[in-house]
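Let me begin by presenting the structure, written as structure tokens, before commenting on it.
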Amino acid sequence: MPHATPALSPEEYDMLLGQRVPCRWGDACGVLLDDTSASGLMRHLRAYHLTPTPHVPWDKRARAHCVWGGATGCGKEMANASLGKHVAAVHLRVRVECPRCHRDVGRAGLLERHLELYCEQRPWP
Ligand SMILES: [Zn+2]
Ligand SMILES: [Zn+2]
Ligand SMILES: [Zn+2]
């Protein structure tokens, strides 16, 4: 049997793309986030929500309230710099399942690595 390179089928890619979630900051954003890691979220929040005046340097130590899910949604207060991590951990605990062995791999970005190195369904049929 030839040594097959692990590759995702189109269905599996679709599944991954399905992991995109709409931003619910203030309940009125709706931008589809394809990077829901803490740093990806931070980038989005910073670009869209945490810089009230363009060109004013961003103050990562300033305190802000989390308004994920609407102004009254969460309300937790923390430093600007913690918001990405907070949203990823508290509001976006998305379960990403390996399409082959159905184990929880944590998040979409880790799936390819899982398929390559850890998946119990190796070697490929
Ligand atoms: Zn947003
Ligand atoms: Zn929150
Ligand atoms: Zn697997």
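In the structure tokens, the first chain shown is A, the next is B, and so on; residue numbers restart at 1 for each chain, and ligands run from 1 in the order shown.
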
Problem - Close residues to ligand 3 using only C-alpha atoms and all ligand atoms, limit 10 Å, as a PyMOL selection string - result: chain A and resi 97-105+111-122

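Those protein and nucleic acid residues that have any atom within 10 Å of ligand 2 are, using only C-alpha atoms and all ligand atoms, Trp25, His65, Cys66, Val67, Trp68, Gly69, Gly70, Thr72, Gly73, Cys74, Gly75, Lys76, Glu77, Met78, Leu83, Gly84, Lys85, His86, Val87, Ala88, Ala89, Val90, His91 and Leu92 of chain A.
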
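From atom CA of Ala38 of chain A back to atom CA of Thr51 of chain A, the distance works out to 17.8 Å.
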
Exercise for the section: Write out as a PyMOL selection string each polymer residue (protein, DNA or RNA) that has an atom no more than 8 Å from ligand 1, with only C-alpha atoms and all ligand atoms counted. Expected result: chain A and resi 22-26+28-31+44-45+48-49

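Remark: for Arg61 of chain A, the closest of the candidate residues A:Ala47, A:Leu32, A:Ala79, A:Met42 is A:Ala79 (distances computed over only C-alpha atoms).
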
Handout entry: Pick from A:Leu50, A:Leu33, A:Val21, A:Leu110 nearest to Ala81 of chain A, counting only C-alpha atoms
Key = A:Leu50

Completion exercise
note - atom CA of Ser37 of chain A and atom CA of Arg20 of chain A are separated by 11.3 Å

Practice task
Based on DSSP run over this structure's backbone, return all residues of segment 30-122 of chain A in helix (DSSP H, G or I), as a ChimeraX atom specification.
Solution key: /A:38-48,80-91,108-118

Output of the above residues as a CSV table (one decimal), in the first residue's frame, restricted to N, CA and C atoms:
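Here's the written file selection-v2.csv:
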chain,number,residue,atom,x,y,z
A,38,ALA,N,-7.4,33.4,21.2
A,38,ALA,CA,-7.3,34.6,22.0
A,38,ALA,C,-6.7,35.8,21.2
A,39,SER,N,-5.6,35.5,20.5
A,39,SER,CA,-4.9,36.6,19.8
A,39,SER,C,-5.7,37.0,18.5
A,40,GLY,N,-6.4,36.1,17.9
A,40,GLY,CA,-7.3,36.5,16.8
A,40,GLY,C,-8.4,37.4,17.2
A,41,LEU,N,-9.0,37.0,18.3
A,41,LEU,CA,-10.1,37.8,18.9
A,41,LEU,C,-9.6,39.2,19.3
A,42,MET,N,-8.4,39.2,19.9
A,42,MET,CA,-7.8,40.4,20.3
A,42,MET,C,-7.7,41.4,19.2
A,43,ARG,N,-7.2,40.8,18.0
A,43,ARG,CA,-7.0,41.6,16.8
A,43,ARG,C,-8.3,42.3,16.4
A,44,HIS,N,-9.3,41.4,16.4
A,44,HIS,CA,-10.6,41.9,15.9
A,44,HIS,C,-11.2,43.0,16.9
A,45,LEU,N,-11.1,42.7,18.2
A,45,LEU,CA,-11.7,43.6,19.2
A,45,LEU,C,-10.9,45.0,19.1
A,46,ARG,N,-9.6,44.8,19.0
A,46,ARG,CA,-8.8,46.0,18.9
A,46,ARG,C,-9.1,46.9,17.7
A,47,ALA,N,-9.3,46.2,16.5
A,47,ALA,CA,-9.5,46.9,15.3
A,47,ALA,C,-10.9,47.5,15.2
A,48,TYR,N,-11.9,46.8,15.8
A,48,TYR,CA,-13.3,47.2,15.6
A,48,TYR,C,-13.9,47.8,16.8
A,80,ASN,N,-8.2,45.9,28.9
A,80,ASN,CA,-8.3,45.7,27.5
A,80,ASN,C,-7.6,44.4,27.0
A,81,ALA,N,-6.3,44.3,27.4
A,81,ALA,CA,-5.5,43.2,26.9
A,81,ALA,C,-6.0,41.8,27.3
A,82,SER,N,-6.9,41.7,28.2
A,82,SER,CA,-7.3,40.4,28.6
A,82,SER,C,-8.6,40.0,27.9
A,83,LEU,N,-9.2,40.9,27.2
A,83,LEU,CA,-10.5,40.6,26.6
A,83,LEU,C,-10.4,39.4,25.6
A,84,GLY,N,-9.4,39.4,24.8
A,84,GLY,CA,-9.3,38.3,23.8
A,84,GLY,C,-9.3,37.0,24.4
A,85,LYS,N,-8.5,36.8,25.4
A,85,LYS,CA,-8.4,35.6,26.2
A,85,LYS,C,-9.7,35.2,26.8
A,86,HIS,N,-10.3,36.3,27.4
A,86,HIS,CA,-11.6,36.1,28.1
A,86,HIS,C,-12.7,35.6,27.2
A,87,VAL,N,-12.8,36.3,26.0
A,87,VAL,CA,-13.9,35.9,25.1
A,87,VAL,C,-13.6,34.5,24.6
A,88,ALA,N,-12.4,34.2,24.2
A,88,ALA,CA,-12.1,32.8,23.7
A,88,ALA,C,-12.4,31.8,24.8
A,89,ALA,N,-12.1,32.0,26.0
A,89,ALA,CA,-12.2,31.0,27.0
A,89,ALA,C,-13.7,30.9,27.5
A,90,VAL,N,-14.3,32.0,27.7
A,90,VAL,CA,-15.6,32.0,28.3
A,90,VAL,C,-16.8,31.9,27.3
A,91,HIS,N,-16.6,32.7,26.2
A,91,HIS,CA,-17.8,32.8,25.3
A,91,HIS,C,-17.7,31.9,24.1
A,108,ALA,N,-10.1,24.6,15.9
A,108,ALA,CA,-9.9,24.2,14.5
A,108,ALA,C,-8.4,24.2,14.1
A,109,GLY,N,-7.7,25.2,14.6
A,109,GLY,CA,-6.3,25.3,14.2
A,109,GLY,C,-5.4,24.1,14.7
A,110,LEU,N,-5.9,23.3,15.6
A,110,LEU,CA,-5.2,22.2,16.1
A,110,LEU,C,-5.5,20.9,15.4
A,111,LEU,N,-6.5,20.9,14.5
A,111,LEU,CA,-7.0,19.7,13.9
A,111,LEU,C,-6.0,19.1,13.0
A,112,GLU,N,-5.4,19.9,12.1
A,112,GLU,CA,-4.4,19.3,11.2
A,112,GLU,C,-3.3,18.6,11.9
A,113,ARG,N,-2.8,19.3,13.0
A,113,ARG,CA,-1.8,18.7,13.7
A,113,ARG,C,-2.2,17.4,14.4
A,114,HIS,N,-3.4,17.4,14.9
A,114,HIS,CA,-3.9,16.2,15.4
A,114,HIS,C,-4.0,15.0,14.4
A,115,LEU,N,-4.5,15.4,13.2
A,115,LEU,CA,-4.6,14.4,12.1
A,115,LEU,C,-3.2,13.8,11.8
A,116,GLU,N,-2.2,14.7,11.8
A,116,GLU,CA,-0.9,14.3,11.3
A,116,GLU,C,-0.2,13.5,12.4
A,117,LEU,N,-0.4,13.8,13.6
A,117,LEU,CA,0.5,13.2,14.7
A,117,LEU,C,-0.3,12.3,15.7
A,118,TYR,N,-1.5,12.7,16.0
A,118,TYR,CA,-2.1,12.0,17.2
A,118,TYR,C,-3.3,11.2,16.9
